[in-house]
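Enquirer: File follows, entry.txt with compact mmCIF, C-alpha atoms:
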# COMPACT_ATOMS: atom_id res chain seq x y z
CA MET M 20 -64.97 5.62 -195.47
CA LYS M 21 -61.47 4.73 -194.35
CA LYS M 22 -60.21 4.28 -190.83
CA TYR M 23 -57.12 6.26 -189.84
CA ILE M 24 -54.43 5.39 -187.29
CA CYS M 25 -52.48 7.83 -185.15
CA ASP M 26 -48.79 7.34 -186.00
CA VAL M 27 -47.77 8.48 -182.51
CA CYS M 28 -49.95 6.47 -180.14
CA GLY M 29 -51.78 3.97 -182.34
CA TRP M 30 -55.32 5.21 -181.62
CA ILE M 31 -57.66 4.41 -184.51
CA TYR M 32 -60.24 6.83 -185.87
CA ASP M 33 -63.27 4.89 -187.02
CA PRO M 34 -65.60 7.15 -189.04
CA GLU M 35 -68.59 5.03 -188.05
CA VAL M 36 -67.93 5.88 -184.40
CA GLY M 37 -66.52 9.40 -184.85
CA ASP M 38 -65.10 11.14 -181.78
CA PRO M 39 -68.20 12.41 -179.98
CA ASP M 40 -66.22 13.61 -176.94
CA SER M 41 -64.55 16.14 -179.24
CA GLY M 42 -67.71 16.99 -181.16
CA ILE M 43 -67.06 14.74 -184.16
CA ALA M 44 -70.35 13.03 -184.96
CA PRO M 45 -70.54 9.36 -185.94
CA GLY M 46 -70.44 9.08 -189.71
CA THR M 47 -67.86 11.86 -190.18
CA ALA M 48 -65.16 10.99 -192.73
CA PHE M 49 -61.62 11.65 -191.50
CA GLU M 50 -61.17 14.17 -194.33
CA ASP M 51 -64.12 16.18 -193.01
CA ILE M 52 -62.79 16.54 -189.46
CA PRO M 53 -61.75 20.18 -188.75
CA ASP M 54 -58.00 20.85 -188.95
CA ASP M 55 -57.78 21.91 -185.31
CA TRP M 56 -59.02 18.52 -184.09
CA GLU M 57 -56.58 16.56 -181.93
CA CYS M 58 -56.01 12.87 -181.30
CA PRO M 59 -58.10 12.20 -178.17
CA GLU M 60 -55.37 10.01 -176.69
CA CYS M 61 -52.08 11.80 -177.31
CA GLY M 62 -53.02 15.25 -178.58
CA VAL M 63 -51.30 15.34 -182.01
CA GLY M 64 -53.03 16.82 -185.07
CA LYS M 65 -54.52 15.26 -188.23
CA ASP M 66 -51.11 15.46 -189.98
CA ASP M 67 -49.87 12.64 -187.76
CA PHE M 68 -52.56 10.19 -188.92
CA SER M 69 -52.25 7.62 -191.72
CA ALA M 70 -54.99 5.83 -193.62
CA LEU M 71 -55.46 2.18 -192.65
CA GLU M 72 -55.66 -0.21 -195.56
CA SER M 73 -58.78 -2.30 -195.15
CA MET S 14 -32.83 -2.24 -146.56
CA ASN S 15 -34.55 -5.22 -148.15
CA THR S 16 -34.23 -4.89 -151.93
CA THR S 17 -35.38 -8.39 -152.89
CA LEU S 18 -38.71 -8.56 -154.74
CA LYS S 19 -38.59 -12.29 -155.44
CA GLU S 20 -35.76 -14.77 -155.22
CA GLY S 21 -33.20 -13.60 -157.80
CA ILE S 22 -34.97 -10.29 -158.51
CA ASP S 23 -33.66 -7.15 -156.81
CA TRP S 24 -34.15 -3.42 -156.81
CA VAL S 25 -31.03 -1.62 -158.09
CA GLY S 26 -32.34 1.96 -158.36
CA TYR S 27 -31.56 5.26 -156.72
CA ILE S 28 -33.32 7.10 -153.87
CA ASP S 29 -33.41 10.83 -154.66
CA TRP S 30 -34.03 12.28 -151.20
CA THR S 31 -33.45 15.91 -152.14
CA VAL S 32 -35.26 16.47 -155.46
CA ARG S 33 -38.00 19.07 -154.94
CA ASP S 34 -38.77 20.13 -158.51
CA PHE S 35 -39.50 17.45 -161.08
CA HIS S 36 -40.09 19.50 -164.27
CA GLY S 37 -42.46 21.71 -162.29
CA TYR S 38 -44.01 18.95 -160.14
CA LYS S 39 -43.24 19.93 -156.53
CA THR S 40 -41.79 16.75 -155.08
CA ASP S 41 -41.77 17.54 -151.37
CA SER S 42 -41.27 13.85 -150.58
CA GLY S 43 -38.37 13.38 -153.01
CA SER S 44 -38.51 10.46 -155.42
CA THR S 45 -36.86 7.23 -156.44
CA TYR S 46 -35.77 6.00 -159.86
CA ASN S 47 -36.41 2.29 -159.71
CA ALA S 48 -34.41 -0.20 -161.71
CA TYR S 49 -34.32 -3.95 -161.24
CA LEU S 50 -31.90 -6.83 -161.76
CA ILE S 51 -33.09 -10.34 -162.60
CA ARG S 52 -30.49 -13.06 -162.06
CA ASP S 53 -31.32 -16.20 -164.04
CA GLU S 54 -29.38 -18.31 -166.56
CA GLN S 55 -29.28 -15.03 -168.46
CA CYS S 56 -29.32 -11.83 -166.40
CA ALA S 57 -31.48 -8.87 -167.29
CA VAL S 58 -31.68 -5.31 -166.02
CA ILE S 59 -35.05 -3.56 -166.15
CA ASP S 60 -34.69 0.19 -166.81
CA ALA S 61 -32.05 2.60 -165.53
CA VAL S 62 -31.91 5.78 -163.43
CA LYS S 63 -31.42 9.50 -164.00
CA ALA S 64 -28.03 10.23 -165.59
CA PRO S 65 -26.26 11.75 -162.54
CA TYR S 66 -26.83 8.56 -160.52
CA VAL S 67 -25.65 6.01 -163.08
CA ASP S 68 -22.49 5.08 -161.13
CA LYS S 69 -24.50 4.23 -158.01
CA TYR S 70 -26.90 2.14 -160.11
CA ILE S 71 -24.07 0.22 -161.74
CA ALA S 72 -22.45 -0.29 -158.31
CA ARG S 73 -25.70 -1.86 -157.02
CA ILE S 74 -25.76 -4.22 -159.99
CA LYS S 75 -22.07 -5.09 -159.55
CA ALA S 76 -22.66 -5.93 -155.89
CA LEU S 77 -25.04 -8.69 -157.04
CA THR S 78 -23.46 -10.01 -160.24
CA ASP S 79 -20.56 -9.53 -162.64
CA LEU S 80 -21.49 -7.03 -165.32
CA GLU S 81 -20.44 -9.51 -168.01
CA ASN S 82 -23.43 -11.66 -166.98
CA ILE S 83 -25.88 -8.98 -168.13
CA ARG S 84 -27.41 -10.21 -171.37
CA TYR S 85 -30.36 -7.82 -171.64
CA VAL S 86 -31.09 -4.25 -170.62
CA VAL S 87 -34.82 -3.59 -170.96
CA CYS S 88 -36.04 -0.03 -171.54
CA ASN S 89 -39.74 0.31 -170.76
CA HIS S 90 -39.85 4.09 -171.16
CA ALA S 91 -37.49 6.54 -172.91
CA GLU S 92 -37.94 9.49 -170.52
CA PRO S 93 -34.56 10.61 -169.13
CA ASP S 94 -35.37 9.91 -165.47
CA HIS S 95 -35.23 6.22 -166.46
CA SER S 96 -33.17 6.24 -169.66
CA GLY S 97 -30.48 8.72 -168.58
CA GLY S 98 -28.37 5.88 -167.19
CA LEU S 99 -28.64 3.72 -170.32
CA PRO S 100 -25.49 5.05 -172.05
CA GLY S 101 -23.54 4.23 -168.88
CA ILE S 102 -24.87 0.69 -168.46
CA MET S 103 -24.56 -0.07 -172.20
CA GLU S 104 -20.94 1.07 -172.10
CA ALA S 105 -20.26 -1.02 -168.98
CA CYS S 106 -21.96 -4.07 -170.54
CA PRO S 107 -20.92 -4.07 -174.22
CA GLN S 108 -22.23 -7.62 -174.65
CA ALA S 109 -25.76 -6.67 -173.58
CA GLU S 110 -28.69 -6.11 -175.93
CA LEU S 111 -30.98 -3.12 -175.38
CA VAL S 112 -34.51 -4.54 -175.39
CA CYS S 113 -37.28 -2.14 -176.35
CA ASN S 114 -40.01 -1.55 -178.91
CA ALA S 115 -39.46 0.26 -182.23
CA LYS S 116 -40.91 3.56 -181.01
CA CYS S 117 -38.63 3.44 -177.97
CA LYS S 118 -35.56 2.80 -180.16
CA ASP S 119 -36.47 5.85 -182.23
CA ALA S 120 -36.84 7.98 -179.08
CA LEU S 121 -33.58 6.71 -177.52
CA GLU S 122 -31.70 7.45 -180.75
CA LYS S 123 -32.96 11.03 -180.47
CA HIS S 124 -31.65 11.30 -176.91
CA PHE S 125 -28.28 9.54 -176.93
CA ASP S 126 -25.40 8.38 -179.10
CA THR S 127 -26.53 4.79 -179.54
CA SER S 128 -24.13 3.92 -182.37
CA THR S 129 -22.40 1.14 -180.39
CA TRP S 130 -25.55 -0.39 -178.87
CA LYS S 131 -26.86 -3.84 -179.79
CA TRP S 132 -30.64 -3.84 -180.13
CA ARG S 133 -33.35 -6.42 -179.58
CA ILE S 134 -36.57 -4.88 -180.88
CA VAL S 135 -39.70 -6.44 -179.40
CA GLU S 136 -43.33 -6.12 -180.36
CA ASP S 137 -46.43 -6.29 -178.21
CA GLY S 138 -46.84 -9.87 -176.96
CA ASP S 139 -43.23 -10.91 -177.64
CA SER S 140 -41.24 -12.69 -174.95
CA ILE S 141 -37.65 -13.56 -174.13
CA SER S 142 -36.60 -16.56 -172.04
CA LEU S 143 -33.98 -15.96 -169.35
CA GLY S 144 -33.88 -19.66 -168.38
CA LYS S 145 -36.30 -20.30 -165.53
CA ARG S 146 -38.14 -17.07 -166.20
CA THR S 147 -39.67 -15.28 -169.16
CA LEU S 148 -39.85 -11.58 -169.89
CA SER S 149 -42.99 -10.75 -171.83
CA PHE S 150 -43.72 -7.32 -173.23
CA ILE S 151 -46.94 -5.34 -173.41
CA ASN S 152 -47.10 -2.04 -175.27
CA THR S 153 -48.89 0.62 -173.23
CA PRO S 154 -48.91 3.70 -175.50
CA MET S 155 -49.42 7.02 -173.65
CA VAL S 156 -48.92 5.38 -170.26
CA HIS S 157 -46.96 7.65 -170.16
CA TRP S 158 -45.31 8.32 -173.58
CA PRO S 159 -45.99 6.76 -177.01
CA GLU S 160 -43.22 4.14 -176.56
CA SER S 161 -44.18 3.12 -173.01
CA MET S 162 -44.26 -0.61 -172.31
CA PHE S 163 -44.78 -3.04 -169.43
CA THR S 164 -42.51 -6.02 -168.82
CA TYR S 165 -44.20 -9.00 -167.18
CA VAL S 166 -42.61 -12.07 -165.59
CA PRO S 167 -45.35 -14.74 -165.58
CA GLU S 168 -43.37 -17.24 -163.45
CA ASP S 169 -43.17 -14.68 -160.62
CA LYS S 170 -46.52 -12.98 -161.39
CA LEU S 171 -44.53 -9.76 -161.38
CA LEU S 172 -45.34 -6.70 -163.47
CA PHE S 173 -42.76 -3.98 -164.14
CA SER S 174 -45.21 -1.17 -164.74
CA MET S 175 -42.86 1.74 -165.46
CA ASP S 176 -44.59 5.07 -164.60
CA ALA S 177 -48.01 3.50 -163.97
CA PHE S 178 -48.72 3.08 -160.23
CA GLY S 179 -45.61 5.17 -159.41
CA GLN S 180 -45.19 7.72 -156.67
CA HIS S 181 -42.65 10.51 -156.14
CA PHE S 182 -41.76 9.28 -152.68
CA ALA S 183 -38.27 8.84 -151.26
CA THR S 184 -38.16 6.31 -148.44
CA ALA S 185 -35.63 3.89 -147.01
CA PHE S 186 -38.19 1.14 -147.67
CA ARG S 187 -38.98 -0.47 -150.99
CA PHE S 188 -42.39 -2.02 -150.34
CA ASP S 189 -45.93 -0.74 -149.86
CA ASP S 190 -46.44 -2.47 -146.50
CA GLU S 191 -43.42 -0.74 -144.96
CA GLU S 192 -44.91 2.77 -144.97
CA PRO S 193 -48.39 3.99 -143.95
CA LEU S 194 -50.85 3.15 -146.71
CA GLU S 195 -52.59 6.54 -146.63
CA VAL S 196 -49.24 8.29 -147.26
CA ILE S 197 -48.44 6.04 -150.22
CA MET S 198 -51.93 6.40 -151.70
CA GLN S 199 -51.75 10.19 -151.42
CA GLU S 200 -48.39 10.17 -153.24
CA ALA S 201 -49.79 7.79 -155.89
CA LYS S 202 -52.74 10.14 -156.35
CA ALA S 203 -50.53 13.23 -156.67
CA TYR S 204 -48.40 11.36 -159.21
CA TYR S 205 -51.41 10.22 -161.23
CA ALA S 206 -52.93 13.72 -161.23
CA ASN S 207 -49.77 15.57 -162.18
CA ILE S 208 -48.19 13.13 -164.62
CA VAL S 209 -50.84 11.09 -166.41
CA MET S 210 -54.32 12.55 -165.66
CA LEU S 211 -54.72 13.45 -169.34
CA TYR S 212 -54.19 9.83 -170.42
CA GLY S 213 -57.16 8.36 -168.54
CA ARG S 214 -58.49 6.62 -171.64
CA PRO S 215 -55.36 4.68 -172.58
CA ILE S 216 -54.72 3.94 -168.90
CA ALA S 217 -58.22 2.44 -168.59
CA GLN S 218 -57.45 0.20 -171.57
CA THR S 219 -54.14 -0.77 -169.96
CA LEU S 220 -55.94 -1.67 -166.72
CA ASP S 221 -58.23 -3.96 -168.75
CA ARG S 222 -55.21 -5.69 -170.27
CA ALA S 223 -53.47 -5.98 -166.89
CA ALA S 224 -56.63 -7.58 -165.47
CA GLU S 225 -56.03 -10.53 -167.80
CA LEU S 226 -52.66 -11.21 -166.13
CA GLU S 227 -52.06 -12.97 -162.86
CA ILE S 228 -50.26 -10.33 -160.80
CA GLU S 229 -48.87 -10.68 -157.29
CA MET S 230 -46.53 -7.73 -157.39
CA ILE S 231 -46.33 -4.45 -159.30
CA ALA S 232 -42.92 -2.82 -159.53
CA PRO S 233 -43.22 0.76 -160.85
CA SER S 234 -40.34 3.02 -161.83
CA HIS S 235 -40.92 5.51 -158.97
CA GLY S 236 -41.68 4.96 -155.30
CA VAL S 237 -42.58 1.80 -153.44
CA ILE S 238 -43.32 -1.62 -154.93
CA TRP S 239 -46.89 -2.88 -154.55
CA ARG S 240 -47.04 -6.35 -152.99
CA SER S 241 -49.68 -6.03 -150.22
CA HIS S 242 -52.04 -3.31 -151.47
CA LEU S 243 -52.50 -4.05 -155.19
CA LYS S 244 -56.24 -4.20 -154.73
CA GLU S 245 -56.32 -0.70 -153.25
CA VAL S 246 -54.16 0.94 -155.91
CA LEU S 247 -55.96 -0.79 -158.79
CA ALA S 248 -59.34 0.28 -157.38
CA ALA S 249 -58.08 3.85 -157.00
CA TYR S 250 -56.81 3.89 -160.60
CA ARG S 251 -60.27 2.78 -161.81
CA LYS S 252 -61.69 5.90 -160.19
CA TRP S 253 -58.90 8.22 -161.26
CA VAL S 254 -59.02 7.26 -164.96
CA VAL S 255 -62.49 8.83 -165.13
CA CYS S 256 -61.69 11.67 -162.64
CA LYS S 257 -64.56 10.27 -160.57
CA PRO S 258 -66.09 13.11 -158.54
CA THR S 259 -66.17 12.96 -154.75
CA PRO S 260 -68.11 15.33 -152.47
CA LYS S 261 -65.45 18.02 -152.73
CA VAL S 262 -65.56 21.61 -153.95
CA ILE S 263 -62.57 23.80 -154.83
CA VAL S 264 -62.48 27.59 -154.77
CA LEU S 265 -59.37 28.76 -156.62
CA TYR S 266 -58.53 32.42 -157.12
CA ALA S 267 -55.97 35.16 -157.59
CA THR S 268 -56.47 38.59 -156.07
CA MET S 269 -55.06 42.14 -156.32
CA TRP S 270 -56.82 44.28 -153.70
CA GLN S 271 -58.87 41.51 -152.05
CA ALA S 272 -62.13 42.18 -153.95
CA THR S 273 -61.91 38.81 -155.74
CA GLU S 274 -60.76 37.24 -152.47
CA HIS S 275 -63.88 38.50 -150.70
CA MET S 276 -65.98 36.98 -153.49
CA ALA S 277 -64.09 33.70 -153.04
CA GLU S 278 -64.76 33.75 -149.29
CA ALA S 279 -68.48 34.28 -149.88
CA ILE S 280 -68.56 31.37 -152.34
CA LEU S 281 -66.84 29.21 -149.72
CA GLU S 282 -69.45 30.23 -147.12
CA GLY S 283 -72.18 28.94 -149.45
CA VAL S 284 -70.31 25.69 -150.06
CA GLN S 285 -69.90 25.11 -146.32
CA GLU S 286 -73.65 24.98 -145.79
CA PHE S 287 -73.42 21.46 -147.21
CA GLU S 288 -71.73 18.27 -146.04
CA VAL S 289 -68.86 18.43 -148.50
CA GLU S 290 -65.10 18.82 -148.36
CA ALA S 291 -63.88 22.26 -149.36
CA ARG S 292 -60.50 23.43 -150.64
CA PHE S 293 -59.72 27.14 -150.72
CA TYR S 294 -56.67 28.08 -152.77
CA ASN S 295 -55.09 31.46 -153.35
CA VAL S 296 -52.75 30.66 -156.27
CA ASP S 297 -49.96 32.62 -154.58
CA ALA S 298 -50.06 30.37 -151.53
CA THR S 299 -50.59 26.95 -153.10
CA HIS S 300 -48.46 25.14 -155.65
CA SER S 301 -50.08 23.91 -158.87
CA THR S 302 -49.02 20.34 -157.94
CA GLN S 303 -51.38 20.35 -154.96
CA ILE S 304 -54.16 22.08 -156.91
CA ALA S 305 -54.01 19.46 -159.70
CA THR S 306 -54.06 16.63 -157.14
CA GLU S 307 -57.27 17.98 -155.61
CA VAL S 308 -58.89 18.78 -158.96
CA LEU S 309 -58.57 15.11 -159.97
CA ASP S 310 -61.46 13.99 -157.76
CA CYS S 311 -63.38 17.18 -157.01
CA ALA S 312 -67.00 17.54 -158.14
CA ALA S 313 -67.06 21.28 -158.68
CA ILE S 314 -64.64 24.17 -158.95
CA ALA S 315 -65.07 27.95 -158.91
CA ILE S 316 -62.18 29.90 -160.41
CA GLY S 317 -61.68 33.63 -159.96
CA SER S 318 -59.38 36.36 -161.20
CA PRO S 319 -59.56 40.12 -161.21
CA THR S 320 -58.90 41.95 -164.46
CA LEU S 321 -55.28 43.05 -164.64
CA ASN S 322 -54.09 44.93 -167.74
CA ASN S 323 -57.26 43.78 -169.53
CA THR S 324 -56.39 40.13 -168.97
CA LEU S 325 -55.95 37.60 -166.14
CA MET S 326 -53.57 37.61 -163.23
CA PRO S 327 -50.55 35.83 -164.77
CA ASN S 328 -50.05 33.53 -161.77
CA LEU S 329 -53.58 32.15 -162.24
CA ALA S 330 -53.12 31.97 -166.03
CA GLY S 331 -50.14 29.67 -165.46
CA VAL S 332 -52.18 27.34 -163.26
CA LEU S 333 -55.05 27.31 -165.78
CA CYS S 334 -52.59 26.46 -168.58
CA TYR S 335 -51.31 23.56 -166.46
CA LEU S 336 -54.80 22.28 -165.56
CA LYS S 337 -55.97 22.58 -169.18
CA GLY S 338 -53.12 20.32 -170.28
CA LEU S 339 -54.02 17.73 -167.65
CA ARG S 340 -57.58 17.56 -169.05
CA PRO S 341 -59.65 16.79 -165.95
CA THR S 342 -63.12 15.44 -166.79
CA GLN S 343 -66.51 15.33 -165.05
CA LYS S 344 -66.24 18.73 -163.35
CA GLN S 345 -68.76 21.53 -163.00
CA GLY S 346 -68.11 25.11 -161.99
CA PHE S 347 -68.15 28.79 -162.84
CA ALA S 348 -65.89 31.84 -163.11
CA PHE S 349 -65.83 34.96 -160.97
CA GLY S 350 -63.75 38.07 -160.43
CA SER S 351 -63.60 41.80 -159.88
CA TYR S 352 -62.76 44.48 -162.44
CA GLY S 353 -62.21 48.21 -162.54
CA TRP S 354 -63.43 49.61 -165.85
CA SER S 355 -63.10 46.77 -168.37
CA LYS S 356 -65.08 43.55 -168.17
CA ARG S 357 -62.64 41.99 -170.62
CA GLY S 358 -60.03 39.69 -169.14
CA GLY S 359 -60.66 38.61 -165.53
CA ALA S 360 -63.73 36.42 -165.11
CA SER S 361 -64.35 36.38 -168.90
CA GLU S 362 -60.98 34.85 -169.67
CA VAL S 363 -61.29 32.45 -166.75
CA GLU S 364 -64.58 31.28 -168.22
CA ASP S 365 -62.99 30.85 -171.67
CA ALA S 366 -60.31 28.66 -170.07
CA MET S 367 -62.96 26.62 -168.22
CA LYS S 368 -64.84 26.10 -171.50
CA GLU S 369 -61.63 24.86 -173.13
CA MET S 370 -61.20 22.49 -170.19
CA LYS S 371 -64.76 21.25 -170.88
CA ILE S 372 -65.82 22.10 -167.34
CA GLU S 373 -69.61 22.16 -167.39
CA LEU S 374 -70.61 25.75 -166.57
CA MET S 375 -73.21 26.03 -163.80
CA GLN S 376 -73.92 29.72 -164.45
CA GLU S 377 -72.70 32.98 -165.98
CA PRO S 378 -69.56 34.52 -164.46
CA ILE S 379 -70.06 36.56 -161.29
CA ARG S 380 -68.45 39.99 -161.67
CA SER S 381 -67.92 42.84 -159.26
CA GLN S 382 -66.90 46.33 -160.30
CA TYR S 383 -64.25 47.21 -157.71
CA VAL S 384 -65.28 46.13 -154.17
CA PRO S 385 -68.17 43.62 -154.05
CA THR S 386 -71.49 44.92 -152.69
CA PRO S 387 -73.54 42.87 -150.18
CA GLU S 388 -75.78 41.89 -153.11
CA ILE S 389 -72.85 40.55 -155.11
CA LEU S 390 -71.53 38.68 -152.06
CA GLU S 391 -74.95 37.07 -151.64
CA GLU S 392 -74.85 36.09 -155.32
CA CYS S 393 -71.48 34.46 -154.58
CA ARG S 394 -72.89 32.64 -151.54
CA GLU S 395 -75.80 31.36 -153.62
CA ALA S 396 -73.43 30.09 -156.32
CA GLY S 397 -71.40 28.39 -153.59
CA ARG S 398 -74.57 26.72 -152.30
CA ALA S 399 -75.28 25.39 -155.79
CA MET S 400 -71.81 23.83 -155.92
CA GLY S 401 -72.18 22.38 -152.42
CA ARG S 402 -75.60 20.94 -153.27
CA TYR S 403 -74.25 19.43 -156.48
CA ALA S 404 -71.12 17.95 -154.82
CA GLU S 405 -73.02 16.56 -151.84
CA GLN S 406 -74.76 13.92 -153.98
CA PHE S 407 -71.41 12.16 -154.61
CA GLY S 408 -71.12 11.32 -150.92
CA LYS S 409 -74.37 9.37 -150.90
Can the structure from this file be put into structure tokens for me?
Expert:
Amino acid sequence: MKKYICDVCGWIYDPEVGDPDSGIAPGTAFEDIPDDWECPECGVGKDDFSALES
Amino acid sequence: MNTTLKEGIDWVGYIDWTVRDFHGYKTDSGSTYNAYLIRDEQCAVIDAVKAPYVDKYIARIKALTDLENIRYVVCNHAEPDHSGGLPGIMEACPQAELVCNAKCKDALEKHFDTSTWKWRIVEDGDSISLGKRTLSFINTPMVHWPESMFTYVPEDKLLFSMDAFGQHFATAFRFDDEEPLEVIMQEAKAYYANIVMLYGRPIAQTLDRAAELEIEMIAPSHGVIWRSHLKEVLAAYRKWVVCKPTPKVIVLYATMWQATEHMAEAILEGVQEFEVEARFYNVDATHSTQIATEVLDCAAIAIGSPTLNNTLMPNLAGVLCYLKGLRPTQKQGFAFGSYGWSKRGGASEVEDAMKEMKIELMQEPIRSQYVPTPEILEECREAGRAMGRYAEQFGK
């Protein structure tokens, strides 16, 4: 599973960690996050994230 | 007025004594837009001021050096209260390079005609030598905007922290030991709560990075410069980034015919049976700026509205919208309110808003059809006791 970076603030979504504060369980692929989820740091939506090349 | 931070480094900003509304933030103490001039083999200006005060800012710089000596103009933050004066200074200093990160350049280009500006784009960790001194740059995204950055002068152990550690506080003095500390800390707290409360996570990371630097002085872009009380403000920020609860309870309400107000009073009575601070706010009497400041470090909050037109009282809805955006954490509470014939709106919508704010609900909403009965008022008192009991533990 790929990590994704927020283009606005640089926060990185790591699927192994998830975003438990927003109800995204560890192990959730970025693609499986609901569309109304927001970047926990700056508040933008999934559209403003880009896949990180590993 | 002493404007000298360190030998060769001066404040060249503007004191805005009369501003009372800063995009909705009620600035009863006015504000300052801080900018700084560093005179070295190469001169640098750190940030600018709000557009209407650009001439006074340039005059302060001119009083200290010829404008042709300005080699760099650093922009730490693109928001117009600091960047509004950049077109003026860049026009007055055509030889100067605008120093900022790539995100900041993008933001500035979307604010101003920058077609004649020379740019020096810096990345996190880059530095520029001025001669005896170095400017080094630290990206601090979301403290307060995506492009925000700190500029650090290691030789002087001086951090230009932009909005972080700022205060909306107009004073004839530039330093933290020239005004009463409790006044400055209260202004710093109001500023934190109303401007950056929602960015607690990135601010905590920024504090960790700042802890790696040797810092003797912090020069923010609003209010006084920290040179004597860094320890106090850094310790306060550590608490504020997690909205650390204190033994304080807030009762916040709107009212039509005083039914919800009577419920609020009964809740307050219950709270006051415990050794906790209490705040009692009718939204019509208290500005959202003060409410947000107190929410930052409260332990529990009860919020009430009657049903009006099958929804909330609009004045309370506005405050809830504001608080929701500021994303306070670590709070408990409940909703209450009176209604006439429809239980929709009122307490139900208040509770929905509290859920969205991730306030941990202590109980179901307390509702009263029309005027509260003695039984309902006792239910309110009991709910107030639960909040008081919960908040009291944070004083131990």
Enquirer: Quick check: residues of chain M within 10 Å of chain S, only C-alpha atoms, returned as a list in words.
Expert: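 Selected residues: Asp26, Val27, Cys28, Gly29, Trp30, Asp40, Ser41, Pro59, Glu60, Cys61 and Gly62 of chain M.
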Enquirer: What is the distance between atom CA of M:Ala70 and atom CA of S:Asp139, in Å to one decimal?
Expert: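 Between atom CA of M:Ala70 and atom CA of S:Asp139 the gap is 26.0 Å.
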Enquirer: Restricting the calculation to only C-alpha atoms: of M:Asp55, M:Asp38, M:Glu50, M:Asp67, which residue gets closest to M:Lys21?
Expert: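 Checking each of M:Asp55, M:Asp38, M:Glu50, M:Asp67 against M:Lys21, counting only C-alpha atoms, the winner is M:Glu50.
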Enquirer: For stretch 308-325 of chain S, list every protein, DNA or RNA residue within 6 Å, evaluated using all atoms listed in the file, and leave out those in the same chain fewer than 3 positions away; present the list as a PyMOL selection string.
Expert: chain S and resi 206+256-259+261-267+305+344-352+357-360+404
Enquirer: State, in Å with one decimal place, the distance from atom CA of S:Glu136 to atom CA of S:Asn89.
Expert: 12.1 Å
